[in-house]
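Next up, upload-v7.cif (mmCIF, C-alpha atoms):
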data_run
#
loop_
_atom_site.label_atom_id
_atom_site.label_comp_id
_atom_site.auth_asym_id
_atom_site.auth_seq_id
_atom_site.Cartn_x
_atom_site.Cartn_y
_atom_site.Cartn_z
CA MET A 236 86.54 -18.29 21.87
CA SER A 237 86.49 -20.80 24.66
CA GLY A 238 83.35 -22.52 25.89
CA GLU A 239 83.46 -20.57 29.15
CA ALA A 240 83.54 -17.27 27.20
CA TRP A 241 80.49 -18.30 25.15
CA THR A 242 78.66 -19.05 28.37
CA TRP A 243 79.24 -15.55 29.68
CA VAL A 244 78.06 -14.02 26.36
CA GLY A 245 74.81 -15.98 26.59
CA VAL A 246 74.28 -14.82 30.15
CA ALA A 247 74.84 -11.21 29.13
CA VAL A 248 72.33 -11.44 26.26
CA ALA A 249 69.73 -13.03 28.53
CA VAL A 250 70.18 -10.26 31.12
CA LEU A 251 69.84 -7.61 28.41
CA PHE A 252 66.51 -9.06 27.19
CA ALA A 253 65.26 -9.30 30.76
CA VAL A 254 66.06 -5.63 31.45
CA VAL A 255 64.33 -4.50 28.25
CA GLY A 256 61.25 -6.60 29.08
CA VAL A 257 60.98 -5.15 32.61
CA TYR A 258 61.27 -1.62 31.17
CA LEU A 259 58.45 -2.20 28.68
CA VAL A 260 56.15 -3.64 31.33
CA LEU A 261 56.75 -0.70 33.70
CA SER A 262 56.27 1.80 30.86
CA ALA A 263 52.90 0.31 29.92
CA ARG A 264 51.66 0.88 33.46
CA GLU A 265 52.43 4.60 33.40
CA PRO A 266 49.31 6.74 32.93
CA GLY A 267 48.76 7.93 29.39
CA ARG A 268 51.35 5.66 27.72
CA HIS A 269 50.73 2.58 25.60
CA VAL A 270 47.18 2.19 26.99
CA ALA A 271 44.53 1.19 24.45
CA ALA A 272 41.84 3.87 24.21
CA GLN A 273 38.48 2.61 25.46
CA ARG A 274 35.28 3.72 23.70
CA PRO A 275 33.25 6.00 25.98
CA SER A 276 29.64 5.07 26.61
CA ARG A 277 26.91 6.78 24.59
CA ASP A 278 25.58 8.45 27.71
CA SER A 279 28.92 10.21 28.34
CA PHE A 280 28.20 12.48 25.37
CA ARG A 281 24.83 13.49 26.79
CA GLY A 282 24.59 16.12 29.47
CA VAL A 283 22.69 15.40 32.63
CA ASP A 284 19.86 17.70 31.58
CA ASP A 285 19.72 16.68 27.88
CA ALA A 286 16.31 15.41 26.69
CA PRO A 287 16.03 11.85 25.29
CA PRO A 288 15.63 11.52 21.50
CA PRO A 289 12.10 12.30 20.28
CA ARG A 290 9.69 9.42 19.80
CA LYS A 291 8.51 8.50 16.31
CA ARG A 292 5.33 10.16 15.09
CA VAL A 293 2.32 8.72 13.27
CA ALA A 294 -0.50 10.60 11.54
CA VAL A 295 -3.86 8.88 11.08
CA VAL A 296 -6.15 10.15 8.31
CA VAL A 297 -9.58 9.05 9.52
CA ASN A 298 -13.06 9.16 8.01
CA PRO A 299 -15.17 10.09 11.05
CA THR A 300 -18.42 8.93 9.42
CA LYS A 301 -17.26 5.30 9.68
CA PHE A 302 -17.30 5.29 13.50
CA ASP A 303 -19.96 5.83 16.14
CA ASP A 304 -17.40 6.60 18.86
CA LEU A 305 -14.32 8.34 17.49
CA ASP A 306 -13.02 9.01 21.02
CA ALA A 307 -12.85 5.26 21.64
CA VAL A 308 -10.95 4.82 18.39
CA ARG A 309 -8.53 7.56 19.39
CA ALA A 310 -8.01 5.92 22.79
CA THR A 311 -7.25 2.54 21.20
CA LEU A 312 -4.69 4.05 18.83
CA ALA A 313 -3.08 6.04 21.66
CA ARG A 314 -2.80 2.93 23.83
CA VAL A 315 -1.00 1.01 21.08
CA CYS A 316 1.33 3.93 20.38
CA GLU A 317 2.26 4.20 24.05
CA ALA A 318 2.93 0.46 24.27
CA GLN A 319 5.26 0.68 21.24
CA ASP A 320 6.98 3.86 22.52
CA TRP A 321 5.60 6.10 19.78
CA ALA A 322 4.26 9.61 20.30
CA PRO A 323 0.46 9.93 20.62
CA PRO A 324 -1.23 9.61 17.19
CA GLU A 325 -2.09 12.77 15.27
CA LEU A 326 -5.59 12.43 13.81
CA HIS A 327 -6.59 14.26 10.61
CA GLU A 328 -10.32 13.98 9.85
CA THR A 329 -11.60 13.79 6.29
CA THR A 330 -14.49 15.95 5.08
CA VAL A 331 -17.16 15.84 2.40
CA HIS A 332 -15.02 18.11 0.22
CA ASP A 333 -11.68 16.39 0.86
CA VAL A 334 -11.70 12.63 1.43
CA GLY A 335 -8.06 12.46 2.48
CA PHE A 336 -5.85 14.07 -0.15
CA GLY A 337 -5.14 17.37 1.59
CA GLN A 338 -4.96 15.79 5.04
CA THR A 339 -2.26 13.42 3.81
CA ARG A 340 -0.21 16.21 2.28
CA GLU A 341 -0.46 18.10 5.56
CA ALA A 342 0.70 15.05 7.51
CA LEU A 343 3.66 14.46 5.20
CA ALA A 344 4.67 18.12 5.37
CA SER A 345 4.83 17.87 9.16
CA GLY A 346 7.54 15.23 8.92
CA VAL A 347 5.78 12.22 10.44
CA ASP A 348 7.40 8.79 10.25
CA LEU A 349 4.22 6.94 9.26
CA VAL A 350 0.80 7.80 7.82
CA CYS A 351 -2.17 5.50 8.43
CA ALA A 352 -5.47 5.44 6.54
CA LEU A 353 -8.49 4.67 8.71
CA GLY A 354 -11.74 4.48 6.77
CA GLY A 355 -13.17 2.80 3.72
CA ASP A 356 -11.45 1.93 0.45
CA GLY A 357 -11.97 5.51 -0.73
CA THR A 358 -10.01 6.89 2.21
CA VAL A 359 -7.22 4.38 1.60
CA ARG A 360 -7.04 5.32 -2.07
CA ALA A 361 -6.88 9.06 -1.38
CA VAL A 362 -4.17 8.69 1.26
CA ALA A 363 -2.14 6.23 -0.82
CA GLN A 364 -2.33 8.43 -3.92
CA GLU A 365 -0.73 11.36 -2.12
CA MET A 366 1.95 9.09 -0.62
CA VAL A 367 3.17 7.69 -3.93
CA GLY A 368 6.89 8.33 -4.20
CA SER A 369 7.16 9.89 -0.73
CA GLY A 370 9.10 7.00 0.80
CA VAL A 371 7.02 7.30 3.97
CA PRO A 372 5.30 4.01 4.93
CA LEU A 373 1.52 3.69 4.76
CA GLY A 374 -0.36 1.84 7.48
CA LEU A 375 -3.73 0.26 6.67
CA LEU A 376 -6.31 0.34 9.48
CA PRO A 377 -9.73 -1.36 9.00
CA GLY A 378 -12.66 1.01 8.88
CA GLY A 379 -14.80 0.13 5.87
CA THR A 380 -16.77 -2.69 4.30
CA GLY A 381 -14.21 -3.94 1.81
CA ASN A 382 -10.74 -3.10 3.13
CA LEU A 383 -9.64 -4.58 -0.20
CA LEU A 384 -6.00 -3.46 -0.27
CA ALA A 385 -5.46 -4.85 3.24
CA ARG A 386 -7.15 -8.13 2.27
CA ASN A 387 -4.99 -8.50 -0.82
CA LEU A 388 -1.87 -7.90 1.28
CA GLU A 389 -3.12 -10.42 3.89
CA MET A 390 -3.33 -7.88 6.70
CA PRO A 391 -5.73 -7.62 9.68
CA VAL A 392 -9.16 -6.38 8.59
CA ASP A 393 -11.27 -6.95 11.71
CA ASP A 394 -9.02 -5.91 14.61
CA LEU A 395 -8.05 -2.24 14.84
CA GLU A 396 -5.57 -2.75 17.68
CA ARG A 397 -3.72 -5.54 15.90
CA ALA A 398 -3.69 -3.58 12.64
CA MET A 399 -2.15 -0.60 14.45
CA VAL A 400 0.58 -2.81 15.91
CA VAL A 401 1.37 -4.02 12.39
CA ALA A 402 1.49 -0.43 11.14
CA LEU A 403 3.98 0.57 13.84
CA THR A 404 6.16 -2.54 13.88
CA GLY A 405 5.64 -4.40 10.58
CA ARG A 406 7.87 -4.74 7.55
CA ASN A 407 7.82 -2.51 4.48
CA ARG A 408 6.52 -3.80 1.17
CA HIS A 409 6.90 -1.75 -2.00
CA VAL A 410 3.79 -2.05 -4.17
CA ASP A 411 2.73 -0.69 -7.55
CA ALA A 412 0.47 2.25 -8.23
CA ALA A 413 -1.86 2.21 -11.23
CA TRP A 414 -2.97 5.48 -12.79
CA LEU A 415 -6.20 6.00 -14.72
CA THR A 416 -6.64 9.08 -16.89
CA LEU A 417 -10.05 10.09 -18.24
CA ASP A 418 -10.29 11.64 -21.67
CA PRO A 419 -11.49 15.24 -21.21
CA GLU A 420 -13.67 14.97 -24.33
CA ASP A 421 -17.18 13.66 -23.76
CA LEU A 422 -16.54 13.42 -20.02
CA GLU A 423 -19.01 13.86 -17.21
CA LEU A 424 -17.32 13.97 -13.80
CA GLU A 425 -19.03 12.95 -10.59
CA GLU A 426 -19.59 15.89 -8.24
CA GLY A 427 -16.54 16.17 -5.99
CA ALA A 428 -14.53 13.57 -7.94
CA GLY A 429 -10.86 14.18 -7.27
CA GLU A 430 -11.58 17.24 -5.15
CA GLY A 431 -8.49 18.03 -3.12
CA SER A 432 -6.29 15.68 -5.15
CA SER A 433 -2.90 16.96 -6.25
CA ALA A 434 -3.32 14.99 -9.50
CA GLY A 435 -6.47 16.83 -10.61
CA ALA A 436 -9.97 15.64 -11.50
CA GLN A 437 -9.02 13.56 -14.57
CA ARG A 438 -6.06 11.53 -13.26
CA HIS A 439 -6.67 9.02 -10.49
CA ALA A 440 -4.47 6.45 -8.77
CA PHE A 441 -5.82 3.06 -7.83
CA PHE A 442 -4.21 0.19 -5.97
CA VAL A 443 -6.77 -2.62 -6.23
CA MET A 444 -9.00 -2.31 -9.32
CA ALA A 445 -10.63 0.15 -11.68
CA GLY A 446 -13.62 -0.66 -13.82
CA MET A 447 -15.90 0.61 -16.55
CA GLY A 448 -19.48 -0.53 -17.12
CA LEU A 449 -21.31 -3.10 -14.98
CA ASP A 450 -19.09 -3.11 -11.89
CA ALA A 451 -19.21 0.68 -11.65
CA ALA A 452 -22.99 0.65 -12.08
CA ILE A 453 -23.32 -1.88 -9.25
CA MET A 454 -21.18 0.20 -6.91
CA ASP A 455 -23.02 3.37 -7.85
CA SER A 456 -26.43 1.89 -7.01
CA THR A 457 -25.45 0.29 -3.66
CA SER A 458 -26.21 2.47 -0.65
CA GLU A 459 -23.72 3.14 2.12
CA GLN A 460 -26.43 2.41 4.69
CA LEU A 461 -26.99 -1.09 3.30
CA LYS A 462 -23.25 -1.78 3.18
CA SER A 463 -22.89 -0.73 6.80
CA ARG A 464 -25.72 -3.10 7.79
CA ILE A 465 -24.96 -6.27 5.84
CA GLY A 466 -21.44 -5.78 4.49
CA TRP A 467 -20.38 -6.98 1.04
CA GLY A 468 -23.72 -8.75 0.54
CA ALA A 469 -25.19 -5.32 -0.16
CA TYR A 470 -23.78 -5.55 -3.69
CA VAL A 471 -25.80 -8.65 -4.57
CA PRO A 472 -29.20 -6.99 -5.23
CA ALA A 473 -27.56 -4.33 -7.40
CA GLY A 474 -25.67 -7.01 -9.32
CA LEU A 475 -28.85 -8.93 -10.07
CA ARG A 476 -30.52 -5.75 -11.34
CA HIS A 477 -27.71 -4.85 -13.73
CA MET A 478 -26.33 -8.18 -14.91
CA LEU A 479 -28.58 -8.42 -17.98
CA THR A 480 -28.55 -4.78 -19.06
CA GLU A 481 -27.61 -3.94 -22.65
CA ARG A 482 -24.01 -4.62 -23.64
CA PHE A 483 -21.85 -1.90 -25.18
CA LYS A 484 -19.09 -1.90 -27.79
CA VAL A 485 -15.59 -1.64 -26.33
CA THR A 486 -12.24 -1.26 -28.08
CA LEU A 487 -9.26 -2.35 -25.98
CA THR A 488 -5.61 -1.66 -26.76
CA VAL A 489 -2.90 -3.15 -24.54
CA ASP A 490 0.77 -2.06 -24.56
CA GLY A 491 0.32 -0.19 -27.82
CA GLY A 492 -0.69 -3.32 -29.74
CA PRO A 493 -3.50 -3.68 -32.27
CA PRO A 494 -6.93 -2.64 -30.96
CA ALA A 495 -9.53 -5.36 -30.36
CA THR A 496 -13.26 -4.54 -30.52
CA GLN A 497 -16.12 -6.56 -29.03
CA ARG A 498 -19.46 -6.26 -27.23
CA ALA A 499 -19.04 -6.33 -23.44
CA ARG A 500 -20.67 -5.63 -20.11
CA MET A 501 -17.63 -4.39 -18.24
CA VAL A 502 -13.87 -3.93 -18.35
CA VAL A 503 -11.84 -4.35 -15.15
CA ILE A 504 -8.19 -3.38 -14.75
CA GLY A 505 -6.52 -4.77 -11.64
CA ASN A 506 -3.36 -4.26 -9.64
CA CYS A 507 -4.61 -6.87 -7.13
CA GLY A 508 -6.80 -9.90 -7.65
CA LYS A 509 -9.26 -10.29 -4.77
CA ILE A 510 -12.57 -8.44 -4.65
CA THR A 511 -15.48 -8.24 -2.22
CA GLY A 512 -16.50 -11.57 -0.71
CA GLY A 513 -13.03 -13.06 -1.11
CA ILE A 514 -13.55 -13.78 -4.83
CA ASP A 515 -10.25 -14.04 -6.71
CA LEU A 516 -11.29 -12.27 -9.90
CA LEU A 517 -7.72 -11.85 -11.17
CA PRO A 518 -5.83 -14.88 -9.87
CA ASP A 519 -2.53 -13.94 -11.53
CA ALA A 520 -2.46 -10.35 -10.29
CA GLU A 521 0.34 -9.35 -7.90
CA PRO A 522 0.50 -5.88 -6.33
CA ASP A 523 4.25 -5.55 -6.88
CA ASP A 524 4.95 -7.24 -10.24
CA GLY A 525 4.94 -4.06 -12.35
CA MET A 526 2.02 -5.37 -14.42
CA LEU A 527 -1.72 -4.84 -14.72
CA ASP A 528 -4.30 -7.58 -15.27
CA VAL A 529 -7.27 -6.76 -17.51
CA ILE A 530 -10.49 -8.71 -18.03
CA VAL A 531 -13.35 -8.04 -20.42
CA LEU A 532 -16.65 -9.67 -19.40
CA ALA A 533 -19.23 -10.16 -22.14
CA PRO A 534 -21.80 -12.85 -21.16
CA ARG A 535 -25.11 -12.51 -23.04
CA GLY A 536 -27.51 -14.48 -20.82
CA VAL A 537 -27.92 -16.41 -17.60
CA ALA A 538 -26.17 -19.52 -18.93
CA ALA A 539 -23.19 -17.47 -20.05
CA TRP A 540 -23.05 -15.80 -16.64
CA ALA A 541 -22.99 -19.24 -15.02
CA SER A 542 -20.05 -20.18 -17.24
CA VAL A 543 -18.20 -17.00 -16.23
CA ALA A 544 -18.87 -17.68 -12.54
CA ALA A 545 -17.51 -21.20 -12.87
CA ARG A 546 -14.34 -19.93 -14.54
CA VAL A 547 -13.80 -17.34 -11.81
CA ILE A 548 -14.36 -19.89 -9.03
CA THR A 549 -11.97 -22.39 -10.61
CA ARG A 550 -9.41 -19.61 -11.31
CA SER A 551 -9.33 -20.52 -14.98
CA ASP A 552 -7.01 -18.34 -17.07
CA ARG A 553 -8.44 -19.36 -20.45
CA THR A 554 -9.79 -16.66 -22.76
CA ASN A 555 -13.08 -17.01 -24.63
CA ALA A 556 -15.94 -14.87 -25.88
CA ASN A 557 -17.43 -14.47 -22.38
CA LEU A 558 -14.28 -13.64 -20.42
CA ALA A 559 -11.05 -12.41 -21.98
CA ARG A 560 -7.87 -11.88 -19.93
CA HIS A 561 -4.86 -9.69 -20.70
CA LYS A 562 -1.63 -8.73 -18.90
CA CYS A 563 0.03 -5.41 -19.68
CA GLN A 564 1.71 -2.26 -18.44
CA THR A 565 -0.51 0.18 -20.31
CA ALA A 566 -4.01 0.00 -21.79
CA THR A 567 -6.63 2.21 -23.38
CA VAL A 568 -10.36 1.54 -23.32
CA GLN A 569 -12.84 3.22 -25.66
CA VAL A 570 -16.60 2.61 -25.67
CA ASP A 571 -19.35 3.60 -28.08
CA GLU A 572 -21.38 5.39 -25.40
CA PRO A 573 -20.34 6.86 -22.02
CA GLN A 574 -20.08 4.37 -19.16
CA ARG A 575 -19.73 4.74 -15.41
CA VAL A 576 -16.11 4.52 -14.16
CA GLN A 577 -14.88 3.47 -10.71
CA VAL A 578 -11.45 3.40 -9.07
CA ASP A 579 -11.11 1.25 -5.93
CA GLY A 580 -14.87 1.51 -5.46
CA ASP A 581 -15.14 5.29 -5.91
CA ILE A 582 -17.40 6.43 -8.75
CA ILE A 583 -15.58 9.23 -10.55
CA GLY A 584 -18.01 9.87 -13.39
CA GLU A 585 -18.89 8.75 -16.92
CA ALA A 586 -16.47 8.59 -19.82
CA SER A 587 -16.14 7.26 -23.35
CA ARG A 588 -12.38 6.76 -23.18
CA LEU A 589 -9.75 6.12 -20.51
CA SER A 590 -6.13 5.08 -20.33
CA VAL A 591 -4.24 3.26 -17.58
CA GLU A 592 -0.58 2.73 -16.78
CA VAL A 593 1.37 1.11 -13.96
CA GLN A 594 4.07 2.77 -11.87
CA PRO A 595 6.10 -0.06 -10.29
CA ARG A 596 6.88 -0.28 -6.55
CA VAL A 597 6.37 3.39 -5.68
CA LEU A 598 4.23 3.01 -2.56
CA VAL A 599 5.65 1.71 0.72
CA VAL A 600 3.05 -0.24 2.74
CA ARG A 601 3.65 -1.52 6.26
CA THR A 602 2.66 -5.20 6.36
CA GLU A 603 3.01 -8.27 8.56
CA ASN A 604 4.78 -10.28 5.90
CA GLY A 605 6.28 -7.55 3.81
CA ARG A 606 8.90 -7.90 1.14
CA PRO A 607 11.86 -5.55 1.45
CA ALA A 608 12.74 -3.39 -1.52
CA GLY A 609 14.49 -5.34 -4.22
CA ALA A 610 13.11 -8.69 -3.10
#
Write out the structure in this file as structure tokens.
Amino acid sequence: MSGEAWTWVGVAVAVLFAVVGVYLVLSAREPGRHVAAQRPSRDSFRGVDDAPPPRKRVAVVVNPTKFDDLDAVRATLARVCEAQDWAPPELHETTVHDVGFGQTREALASGVDLVCALGGDGTVRAVAQEMVGSGVPLGLLPGGTGNLLARNLEMPVDDLERAMVVALTGRNRHVDAAWLTLDPEDLELEEGAGEGSSAGAQRHAFFVMAGMGLDAAIMDSTSEQLKSRIGWGAYVPAGLRHMLTERFKVTLTVDGGPPATQRARMVVIGNCGKITGGIDLLPDAEPDDGMLDVIVLAPRGVAAWASVAARVITRSDRTNANLARHKCQTATVQVDEPQRVQVDGDIIGEASRLSVEVQPRVLVVRTENGRPAGA
């Protein structure tokens, strides 16, 4: 083929490609053809008269005896909820016969997104116990003398408004629950102990500490009126009265190991470490490590008590005859004569034997610096 013929072939091919290109461009401009579908806006699915999605709901289980002006408390909580675009808070008041167990179950059954405890450590314990395993977050609002769980989780304990903001907007932290079971034999329950609880009168959850002996006796002999007037210092006179009372024989078994028997003044089992007054009694305790920390205190006189105090202040983890430390998941405590028993500051009665076990990371708590599940 001559050069001129090849030139005409090239021209023909170029014209053919040009015609095809023009056709494709014109086709793309025709309605409904070759046009990429655009995602409609969310509002296009909603009718003009459709209501906006419902706001989140919070229930507050409150101990009314802790406040002189409950209406002012309600107004503060409502103001925070409105600012955070939550529905007005639903308040459930505790009673003498039910310190928060039934109220919490009622709140959970209503399908709220958050349950807050507003009262003393007893209110917090009751609410938290019923929320174990629910998956619903617990908010901690300051209303008592100790506020020990909030202090151990480094949350606001002197500002209700700020604490409510944390409850509504904070991060979730999964913490352990510890369970104490009293032996039904040789057991004298405190009047009303466990009343309203779904776990019964012999099984009690705690989230800070449980104790047998001296610490329970101190709490039992400290009046609510004195605590409301002078705070944690109210425990000091009771402590001085009881610190040199007769020791008792205790047999401790941890994680099914060999039992150890000694004379002691008290046994404390902790899920957290800090107690009233900011004292770090159990410096190695973490609320989400799946372990319990146990101490047995056995000082005989004033000098021995001074040694124990020094060890607590310096956060010493050494074990000796005056202060023995253990770490475990389960423990049993047996004493030669019935002793007072407390869980998170609530006196539940006298017993000669108890057992404890930890249930790891089963309570969701709303905190400022929470750790997400699995962290």
For stretch 347-351 of chain A: contacts at 8 Å, all atoms listed in the file, fewer than 6 positions along chain excluded, given as a list in words:
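Selected residues are Lys291, Arg292, Val293, Ala294, Val295, Val296, Thr339, Val371, Pro372, Leu373, Gly374, Leu375, Leu376, Ala402 and Leu403 of chain A.
Going from atom CA of A:Val297 to atom CA of A:Val334 covers 9.1 Å.
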Suppose a student applies the PyMOL selection byres ((chain A and resi 322-333) around 9) to this structure; what residues should they get, written as a ChimeraX atom specification?
/A:289-300,309,312-314,316-317,320-321,334-339,341-342,358,427,429-432
Hits of the PyMOL selection byres ((chain A and resi 566-568) around 8) in this structure, as an MDAnalysis selection string:
chainID A and resid 485:491 563:565 569:570 588:592
Residues from last step as file, C-alpha atoms, as a CSV table (one decimal), in the coordinates of the input:
chain,number,residue,atom,x,y,z
A,485,VAL,CA,-15.6,-1.6,-26.3
A,486,THR,CA,-12.2,-1.3,-28.1
A,487,LEU,CA,-9.3,-2.4,-26.0
A,488,THR,CA,-5.6,-1.7,-26.8
A,489,VAL,CA,-2.9,-3.2,-24.5
A,490,ASP,CA,0.8,-2.1,-24.6
A,491,GLY,CA,0.3,-0.2,-27.8
A,563,CYS,CA,0.0,-5.4,-19.7
A,564,GLN,CA,1.7,-2.3,-18.4
A,565,THR,CA,-0.5,0.2,-20.3
A,569,GLN,CA,-12.8,3.2,-25.7
A,570,VAL,CA,-16.6,2.6,-25.7
A,588,ARG,CA,-12.4,6.8,-23.2
A,589,LEU,CA,-9.8,6.1,-20.5
A,590,SER,CA,-6.1,5.1,-20.3
A,591,VAL,CA,-4.2,3.3,-17.6
A,592,GLU,CA,-0.6,2.7,-16.8
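From atom CA of A:Thr602 back to atom CA of A:Arg438, the distance works out to 27.2 Å.
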Kindly resolve the PyMOL selection byres ((chain A and resi 384-394) around 8) on the present coordinates and return the residues as a PyMOL selection string.
chain A and resi 356+375-377+382-383+395-398+442-443+507-509+602-603
Atom CA of A:Asp552 sits from atom CA of A:Val578 at a separation of 23.6 Å
Write out as a ChimeraX atom specification the residues lying within 8 Å of A:Phe441, counting all atoms listed in the file and excluding same-chain residues fewer than 6 positions away.
/A:360,364,412-415,506,578-579
Writer output for current selection, C-alpha atoms, as a PDB file, keeping the file's coordinate frame:
ATOM      1  CA  ARG A 360      -7.040   5.320  -2.070  1.00  0.00           C
ATOM      2  CA  GLN A 364      -2.330   8.430  -3.920  1.00  0.00           C
ATOM      3  CA  ALA A 412       0.470   2.250  -8.230  1.00  0.00           C
ATOM      4  CA  ALA A 413      -1.860   2.210 -11.230  1.00  0.00           C
ATOM      5  CA  TRP A 414      -2.970   5.480 -12.790  1.00  0.00           C
ATOM      6  CA  LEU A 415      -6.200   6.000 -14.720  1.00  0.00           C
ATOM      7  CA  ASN A 506      -3.360  -4.260  -9.640  1.00  0.00           C
ATOM      8  CA  VAL A 578     -11.450   3.400  -9.070  1.00  0.00           C
ATOM      9  CA  ASP A 579     -11.110   1.250  -5.930  1.00  0.00           C
TER      10      ASP A 579
END
Step by step: start from the point (7.4, 5.6, 0.5) in the file's coordinates, keep every protein, DNA or RNA residue that has an atom no farther than 7 Å from it, count all atoms listed in the file, and write the set as a ChimeraX atom specification.
/A:366-372,597-599
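Residue nearest A:Leu527 within the list A:Glu572, A:Asp581, A:Asp450, A:Asp411: A:Asp411 [criterion: smallest interatomic distance, all atoms listed in the file].
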Check the smallest atom-to-atom distance from each of A:Ile510, A:Ala541, A:Val308, A:Leu449 to A:Glu481 using all atoms listed in the file, then report the winner.
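Closest candidate: A:Leu449.
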Point (-25.9, -13.2, -18.7) neighbourhood (12 Å, all atoms listed in the file) written as a count of residues only
27
Starting from the incomplete input, reconstruct all heavy atoms of stretch 553-559 of chain A and report them as a PDB file, in the frame of the given file.
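Output (out-v6.pdb):
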ATOM      1  N   ARG A 553      -8.151 -19.260 -19.016  1.00  0.00           N
ATOM      2  CA  ARG A 553      -8.440 -19.360 -20.450  1.00  0.00           C
ATOM      3  C   ARG A 553      -9.271 -18.164 -20.914  1.00  0.00           C
ATOM      4  O   ARG A 553     -10.075 -17.622 -20.166  1.00  0.00           O
ATOM      5  CB  ARG A 553      -9.188 -20.651 -20.751  1.00  0.00           C
ATOM      6  CG  ARG A 553      -8.340 -21.917 -20.582  1.00  0.00           C
ATOM      7  CD  ARG A 553      -9.116 -23.136 -21.050  1.00  0.00           C
ATOM      8  NE  ARG A 553     -10.395 -23.243 -20.363  1.00  0.00           N
ATOM      9  CZ  ARG A 553     -11.416 -23.981 -20.795  1.00  0.00           C
ATOM     10  NH1 ARG A 553     -11.319 -24.631 -21.937  1.00  0.00           N
ATOM     11  NH2 ARG A 553     -12.532 -24.042 -20.094  1.00  0.00           N
ATOM     12  N   THR A 554      -9.060 -17.771 -22.154  1.00  0.00           N
ATOM     13  CA  THR A 554      -9.790 -16.660 -22.760  1.00  0.00           C
ATOM     14  C   THR A 554     -10.829 -17.204 -23.730  1.00  0.00           C
ATOM     15  O   THR A 554     -10.532 -18.093 -24.537  1.00  0.00           O
ATOM     16  CB  THR A 554      -8.823 -15.728 -23.501  1.00  0.00           C
ATOM     17  OG1 THR A 554      -8.017 -15.038 -22.551  1.00  0.00           O
ATOM     18  CG2 THR A 554      -9.584 -14.700 -24.332  1.00  0.00           C
ATOM     19  N   ASN A 555     -12.053 -16.673 -23.642  1.00  0.00           N
ATOM     20  CA  ASN A 555     -13.080 -17.010 -24.630  1.00  0.00           C
ATOM     21  C   ASN A 555     -13.983 -15.806 -24.831  1.00  0.00           C
ATOM     22  O   ASN A 555     -13.678 -14.711 -24.341  1.00  0.00           O
ATOM     23  CB  ASN A 555     -13.874 -18.258 -24.209  1.00  0.00           C
ATOM     24  CG  ASN A 555     -14.635 -18.063 -22.903  1.00  0.00           C
ATOM     25  OD1 ASN A 555     -14.895 -16.928 -22.484  1.00  0.00           O
ATOM     26  ND2 ASN A 555     -14.993 -19.159 -22.265  1.00  0.00           N
ATOM     27  N   ALA A 556     -15.079 -15.985 -25.530  1.00  0.00           N
ATOM     28  CA  ALA A 556     -15.940 -14.870 -25.880  1.00  0.00           C
ATOM     29  C   ALA A 556     -16.613 -14.241 -24.656  1.00  0.00           C
ATOM     30  O   ALA A 556     -17.003 -13.070 -24.693  1.00  0.00           O
ATOM     31  CB  ALA A 556     -17.005 -15.323 -26.881  1.00  0.00           C
ATOM     32  N   ASN A 557     -16.763 -14.997 -23.577  1.00  0.00           N
ATOM     33  CA  ASN A 557     -17.430 -14.470 -22.380  1.00  0.00           C
ATOM     34  C   ASN A 557     -16.495 -13.759 -21.416  1.00  0.00           C
ATOM     35  O   ASN A 557     -16.901 -12.847 -20.695  1.00  0.00           O
ATOM     36  CB  ASN A 557     -18.148 -15.598 -21.633  1.00  0.00           C
ATOM     37  CG  ASN A 557     -19.313 -16.154 -22.428  1.00  0.00           C
ATOM     38  OD1 ASN A 557     -20.017 -15.416 -23.111  1.00  0.00           O
ATOM     39  ND2 ASN A 557     -19.514 -17.469 -22.348  1.00  0.00           N
ATOM     40  N   LEU A 558     -15.239 -14.213 -21.370  1.00  0.00           N
ATOM     41  CA  LEU A 558     -14.280 -13.640 -20.420  1.00  0.00           C
ATOM     42  C   LEU A 558     -12.894 -13.685 -21.042  1.00  0.00           C
ATOM     43  O   LEU A 558     -12.315 -14.759 -21.230  1.00  0.00           O
ATOM     44  CB  LEU A 558     -14.301 -14.404 -19.098  1.00  0.00           C
ATOM     45  CG  LEU A 558     -13.636 -13.741 -17.884  1.00  0.00           C
ATOM     46  CD1 LEU A 558     -14.126 -14.371 -16.586  1.00  0.00           C
ATOM     47  CD2 LEU A 558     -12.113 -13.864 -17.946  1.00  0.00           C
ATOM     48  N   ALA A 559     -12.379 -12.506 -21.378  1.00  0.00           N
ATOM     49  CA  ALA A 559     -11.050 -12.410 -21.980  1.00  0.00           C
ATOM     50  C   ALA A 559     -10.087 -11.809 -20.954  1.00  0.00           C
ATOM     51  O   ALA A 559     -10.439 -10.865 -20.237  1.00  0.00           O
ATOM     52  CB  ALA A 559     -11.096 -11.530 -23.232  1.00  0.00           C
TER      53      ALA A 559
END
